[in-house]
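Student: If you scroll down you'll find the structure; I have some questions about it.
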Amino acid sequence: MSTTPPPAHLPDDQADPDEQCHDLVSGYDEDGPTAFECGAPLRHTESGYRCARGHSYTYAADRAAAGWDYASDAVEAELLGRAGVIGVRPGDGRPW
């Protein structure tokens with residue numbers, strides 16, 4: 001997913017049919033378990049974007065202003081905490 005703001009010609013709540021969610025989801029193919037891109041259309045918001053399947057992303061400037069950032073695990077969350085930043089889980093936004 002790009003980290004650029006929404007195009008100026010689209011309202012914040014309108015999905016851009018040319019942009020798709022690149023979050024990885026688990027699934028299966030002929031070789032067994034695998035991961036693939038979500039592919040759902042994106043809808044831009046004031047602070048980031050959401051896809052039609054519920055994945056979301058918040059722009060770095062908005063995360064910094066709110067005092068939190070994404071942390072992929074508890075160790076990363078602890079390091080962020082030492083810097084005074086709340087580490088949250090990328091999948092559901094809950095603090096570690």
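Chain labels A, B, ... are given in the sequence in which chains occur in the structure tokens; within each chain residues are numbered consecutively from 1, and ligands are likewise numbered from 1 in the order shown.
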So which residues touch Cys51 (chain A) within 9 Å, counting only C-alpha atoms, skipping near sequence neighbours fewer than 5 positions away, as a VMD selection string?
Tutor: chain A and resid 15 20 to 21 38 to 44 56
Student: Excluding Gly81 (chain A) and any residue of its chain fewer than 2 positions from it, enumerate the residues within 12 Å of it, using only C-alpha atoms, and give them as a ChimeraX atom specification.
Tutor: /A:67-71,74-79,83-88,95-96
Student: Can you write out the residues you just picked, keeping all heavy atoms, as a CSV table (one decimal), in the first residue's frame?
Tutor:
chain,number,residue,atom,x,y,z
A,67,GLY,N,0.3,9.8,19.2
A,67,GLY,CA,1.2,9.2,20.1
A,67,GLY,C,1.3,7.7,20.1
A,67,GLY,O,1.6,7.0,21.1
A,68,TRP,N,1.0,7.1,18.9
A,68,TRP,CA,1.1,5.6,18.8
A,68,TRP,C,1.7,5.3,17.4
A,68,TRP,O,1.8,6.1,16.6
A,68,TRP,CB,-0.3,5.0,18.9
A,68,TRP,CG,-1.3,5.3,17.8
A,68,TRP,CD1,-2.1,6.4,17.7
A,68,TRP,CD2,-1.5,4.6,16.6
A,68,TRP,NE1,-2.8,6.4,16.6
A,68,TRP,CE2,-2.5,5.2,15.8
A,68,TRP,CE3,-1.0,3.4,16.1
A,68,TRP,CZ2,-3.0,4.8,14.6
A,68,TRP,CZ3,-1.5,2.9,14.9
A,68,TRP,CH2,-2.4,3.6,14.2
A,69,ASP,N,2.1,4.0,17.3
A,69,ASP,CA,2.6,3.5,16.0
A,69,ASP,C,2.4,2.0,16.0
A,69,ASP,O,2.2,1.4,17.0
A,69,ASP,CB,4.1,3.8,15.9
A,69,ASP,CG,4.6,3.9,14.4
A,69,ASP,OD1,3.8,3.5,13.5
A,69,ASP,OD2,5.7,4.2,14.2
A,70,TYR,N,2.5,1.5,14.8
A,70,TYR,CA,2.3,0.0,14.6
A,70,TYR,C,3.5,-0.7,15.2
A,70,TYR,O,4.7,-0.3,15.0
A,70,TYR,CB,2.2,-0.3,13.1
A,70,TYR,CG,0.9,0.2,12.5
A,70,TYR,CD1,1.0,1.2,11.5
A,70,TYR,CD2,-0.3,-0.2,12.9
A,70,TYR,CE1,-0.2,1.7,10.9
A,70,TYR,CE2,-1.5,0.3,12.3
A,70,TYR,CZ,-1.4,1.2,11.3
A,70,TYR,OH,-2.5,1.7,10.7
A,71,ALA,N,3.3,-1.8,15.9
A,71,ALA,CA,4.4,-2.7,16.4
A,71,ALA,C,4.0,-4.1,16.0
A,71,ALA,O,3.0,-4.6,16.3
A,71,ALA,CB,4.5,-2.6,17.9
A,74,ALA,N,5.7,-7.8,20.6
A,74,ALA,CA,5.8,-7.2,21.9
A,74,ALA,C,7.2,-6.5,22.1
A,74,ALA,O,7.3,-5.5,22.8
A,74,ALA,CB,5.6,-8.2,23.0
A,75,VAL,N,8.2,-7.1,21.5
A,75,VAL,CA,9.5,-6.5,21.6
A,75,VAL,C,9.6,-5.1,21.0
A,75,VAL,O,10.1,-4.1,21.5
A,75,VAL,CB,10.6,-7.4,21.0
A,75,VAL,CG1,12.0,-6.7,21.0
A,75,VAL,CG2,10.7,-8.7,21.7
A,76,GLU,N,9.0,-5.0,19.8
A,76,GLU,CA,9.0,-3.7,19.1
A,76,GLU,C,8.1,-2.7,19.9
A,76,GLU,O,8.4,-1.5,20.0
A,76,GLU,CB,8.4,-3.9,17.7
A,76,GLU,CG,8.5,-2.6,16.8
A,76,GLU,CD,8.0,-2.8,15.4
A,76,GLU,OE1,7.6,-3.9,15.0
A,76,GLU,OE2,8.2,-1.8,14.6
A,77,ALA,N,7.0,-3.2,20.4
A,77,ALA,CA,6.1,-2.4,21.2
A,77,ALA,C,6.9,-1.8,22.5
A,77,ALA,O,6.7,-0.7,22.9
A,77,ALA,CB,4.9,-3.1,21.7
A,78,GLU,N,7.7,-2.7,23.1
A,78,GLU,CA,8.5,-2.2,24.2
A,78,GLU,C,9.5,-1.2,23.8
A,78,GLU,O,9.7,-0.2,24.6
A,78,GLU,CB,9.2,-3.4,24.8
A,78,GLU,CG,10.0,-3.0,26.1
A,78,GLU,CD,10.8,-4.2,26.7
A,78,GLU,OE1,10.4,-5.4,26.4
A,78,GLU,OE2,11.7,-3.9,27.5
A,79,LEU,N,10.1,-1.3,22.7
A,79,LEU,CA,11.1,-0.3,22.2
A,79,LEU,C,10.4,1.0,21.9
A,79,LEU,O,10.9,2.1,22.3
A,79,LEU,CB,11.8,-0.8,21.0
A,79,LEU,CG,12.8,-2.0,21.2
A,79,LEU,CD1,13.3,-2.5,19.9
A,79,LEU,CD2,13.9,-1.6,22.1
A,83,ALA,N,10.4,5.1,24.0
A,83,ALA,CA,10.4,6.4,23.3
A,83,ALA,C,9.1,7.2,23.6
A,83,ALA,O,8.9,8.2,23.0
A,83,ALA,CB,10.6,6.2,21.8
A,84,GLY,N,8.3,6.7,24.4
A,84,GLY,CA,7.0,7.4,24.8
A,84,GLY,C,5.9,7.2,23.8
A,84,GLY,O,5.0,8.0,23.7
A,85,VAL,N,6.0,6.1,22.9
A,85,VAL,CA,5.0,5.9,21.9
A,85,VAL,C,4.3,4.6,22.2
A,85,VAL,O,4.9,3.6,22.6
A,85,VAL,CB,5.7,5.8,20.5
A,85,VAL,CG1,4.7,5.4,19.4
A,85,VAL,CG2,6.4,7.1,20.2
A,86,ILE,N,3.0,4.5,22.1
A,86,ILE,CA,2.2,3.3,22.3
A,86,ILE,C,2.3,2.4,21.1
A,86,ILE,O,2.0,2.9,20.0
A,86,ILE,CB,0.8,3.7,22.6
A,86,ILE,CG1,0.6,4.5,23.9
A,86,ILE,CG2,-0.1,2.4,22.8
A,86,ILE,CD1,-0.7,5.2,24.1
A,87,GLY,N,2.7,1.2,21.3
A,87,GLY,CA,2.8,0.2,20.2
A,87,GLY,C,1.5,-0.5,20.1
A,87,GLY,O,1.0,-1.1,21.1
A,88,VAL,N,0.9,-0.5,18.9
A,88,VAL,CA,-0.4,-1.2,18.7
A,88,VAL,C,-0.2,-2.3,17.6
A,88,VAL,O,0.7,-2.3,16.8
A,88,VAL,CB,-1.5,-0.3,18.3
A,88,VAL,CG1,-1.7,0.8,19.3
A,88,VAL,CG2,-1.3,0.4,16.9
A,95,PRO,N,-3.5,-2.1,21.8
A,95,PRO,CA,-2.1,-2.0,22.3
A,95,PRO,C,-1.5,-3.4,22.7
A,95,PRO,O,-2.3,-4.3,23.1
A,95,PRO,CB,-2.3,-1.1,23.5
A,95,PRO,CG,-3.6,-0.5,23.4
A,95,PRO,CD,-4.4,-1.4,22.5
A,96,TRP,N,-0.2,-3.5,22.5
A,96,TRP,CA,0.4,-4.7,23.0
A,96,TRP,C,0.4,-4.7,24.5
A,96,TRP,O,0.5,-5.2,25.3
A,96,TRP,CB,1.9,-4.8,22.5
A,96,TRP,CG,1.9,-5.2,21.1
A,96,TRP,CD1,2.0,-4.4,20.0
A,96,TRP,CD2,2.0,-6.6,20.6
A,96,TRP,NE1,2.0,-5.2,18.8
A,96,TRP,CE2,2.0,-6.5,19.2
A,96,TRP,CE3,1.9,-7.8,21.2
A,96,TRP,CZ2,2.1,-7.6,18.4
A,96,TRP,CZ3,1.9,-8.9,20.4
A,96,TRP,CH2,2.0,-8.8,19.0
Student: Report the residues of chain A whose backbone DSSP state falls under helix (DSSP H, G or I), written as a ChimeraX atom specification.
Tutor: /A:60-66,74-82
Student: Show me, as a ChimeraX atom specification, the residues that have an atom within 8 Å of Val25 (chain A) when counting only C-alpha atoms, minus same-chain residues fewer than 4 positions from it.
Tutor: /A:35-38
Student: Store the residues of this selection in a file with N, CA, C and O atoms, as a compact mmCIF listing (two decimals), in the first residue's frame.
Tutor:
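Contents of part00.txt, as written:
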# COMPACT_ATOMS: atom_id res chain seq x y z
N ALA A 35 0.03 -17.28 1.52
CA ALA A 35 -0.46 -15.93 1.77
C ALA A 35 -0.62 -15.23 0.42
O ALA A 35 0.14 -15.49 -0.51
N PHE A 36 -1.64 -14.39 0.32
CA PHE A 36 -1.87 -13.65 -0.91
C PHE A 36 -2.40 -12.27 -0.55
O PHE A 36 -2.85 -12.04 0.57
N GLU A 37 -2.32 -11.34 -1.50
CA GLU A 37 -2.80 -9.99 -1.27
C GLU A 37 -4.32 -9.97 -1.22
O GLU A 37 -4.99 -10.66 -1.98
N CYS A 38 -4.86 -9.14 -0.33
CA CYS A 38 -6.31 -9.03 -0.15
C CYS A 38 -7.01 -8.68 -1.47
O CYS A 38 -7.96 -9.33 -1.86
Student: In terms of the shortest atom-to-atom distance over only C-alpha atoms, which of A:Asp23, A:Ala66, A:Gly48, A:Asp18 is closest to Pro90 (chain A)?
Tutor: A:Asp23
Student: Figure out the distance between CA of Glu19 (chain A) and CA of Ser72 (chain A), please, to one decimal in Å.
Tutor: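 So the two atoms, CA of Ser72 (chain A) and CA of Glu19 (chain A), lie 24.5 Å apart.
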Student: Can you tell me how far CA of Ala61 (chain A) sits from CA of Ser47 (chain A), in Å to one decimal?
Tutor: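 Here the two named atoms are 8.6 Å from each other.
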Student: I need the residue nearest Gly91 (chain A) from this list: A:Glu46, A:Thr58, A:Ala64, A:Gly27. Use only C-alpha atoms for the distance.
Tutor: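 Smallest separation from Gly91 (chain A) among the options: A:Thr58.
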Student: Hey, can you check how far CA of Arg89 (chain A) sits from CA of Arg50 (chain A)?
Tutor: 15.8 Å
Student: So which residues of chain A fall under strand (DSSP E) by DSSP, listed as a ChimeraX atom specification?
Tutor: /A:15-20,24-29,32-37,41-44,48-51,56-58,68-70,86-88
Student: Quick one: write out the picked residues with C-alpha atoms as a PDB file, in the first residue's frame?
Tutor:
ATOM      1  CA  ALA A  15     -13.353   4.005  -3.097  1.00  0.00           C
ATOM      2  CA  ASP A  16     -10.821   4.296  -5.900  1.00  0.00           C
ATOM      3  CA  PRO A  17     -11.421   1.333  -8.227  1.00  0.00           C
ATOM      4  CA  ASP A  18      -7.783   1.436  -9.386  1.00  0.00           C
ATOM      5  CA  GLU A  19      -6.348   1.010  -5.884  1.00  0.00           C
ATOM      6  CA  GLN A  20      -6.421  -2.337  -4.141  1.00  0.00           C
ATOM      7  CA  LEU A  24      -1.483 -10.233   3.167  1.00  0.00           C
ATOM      8  CA  VAL A  25      -4.148 -12.767   4.113  1.00  0.00           C
ATOM      9  CA  SER A  26      -3.716 -16.475   4.636  1.00  0.00           C
ATOM     10  CA  GLY A  27      -5.242 -18.992   2.298  1.00  0.00           C
ATOM     11  CA  TYR A  28      -4.593 -22.174   0.381  1.00  0.00           C
ATOM     12  CA  ASP A  29      -3.521 -23.038  -3.111  1.00  0.00           C
ATOM     13  CA  GLY A  32      -1.161 -25.971   0.641  1.00  0.00           C
ATOM     14  CA  PRO A  33      -1.150 -22.996   3.026  1.00  0.00           C
ATOM     15  CA  THR A  34      -0.020 -19.704   1.510  1.00  0.00           C
ATOM     16  CA  ALA A  35      -0.460 -15.927   1.767  1.00  0.00           C
ATOM     17  CA  PHE A  36      -1.871 -13.651  -0.905  1.00  0.00           C
ATOM     18  CA  GLU A  37      -2.803  -9.988  -1.268  1.00  0.00           C
ATOM     19  CA  PRO A  41     -10.873  -1.823  -3.247  1.00  0.00           C
ATOM     20  CA  LEU A  42      -9.545   0.947  -0.975  1.00  0.00           C
ATOM     21  CA  ARG A  43     -11.514   3.814   0.518  1.00  0.00           C
ATOM     22  CA  HIS A  44      -9.530   6.858   1.640  1.00  0.00           C
ATOM     23  CA  GLY A  48      -5.425   6.897   6.018  1.00  0.00           C
ATOM     24  CA  TYR A  49      -7.467   4.289   4.237  1.00  0.00           C
ATOM     25  CA  ARG A  50      -9.618   1.168   4.683  1.00  0.00           C
ATOM     26  CA  CYS A  51     -10.407  -1.664   2.341  1.00  0.00           C
ATOM     27  CA  SER A  56      -6.980  -0.286   7.529  1.00  0.00           C
ATOM     28  CA  TYR A  57      -3.907   1.914   7.605  1.00  0.00           C
ATOM     29  CA  THR A  58      -3.242   5.247   9.332  1.00  0.00           C
ATOM     30  CA  TRP A  68       1.071   5.634  18.769  1.00  0.00           C
ATOM     31  CA  ASP A  69       2.631   3.513  16.036  1.00  0.00           C
ATOM     32  CA  TYR A  70       2.329   0.033  14.601  1.00  0.00           C
ATOM     33  CA  ILE A  86       2.225   3.329  22.321  1.00  0.00           C
ATOM     34  CA  GLY A  87       2.782   0.213  20.205  1.00  0.00           C
ATOM     35  CA  VAL A  88      -0.391  -1.218  18.679  1.00  0.00           C
TER      36      VAL A  88
END
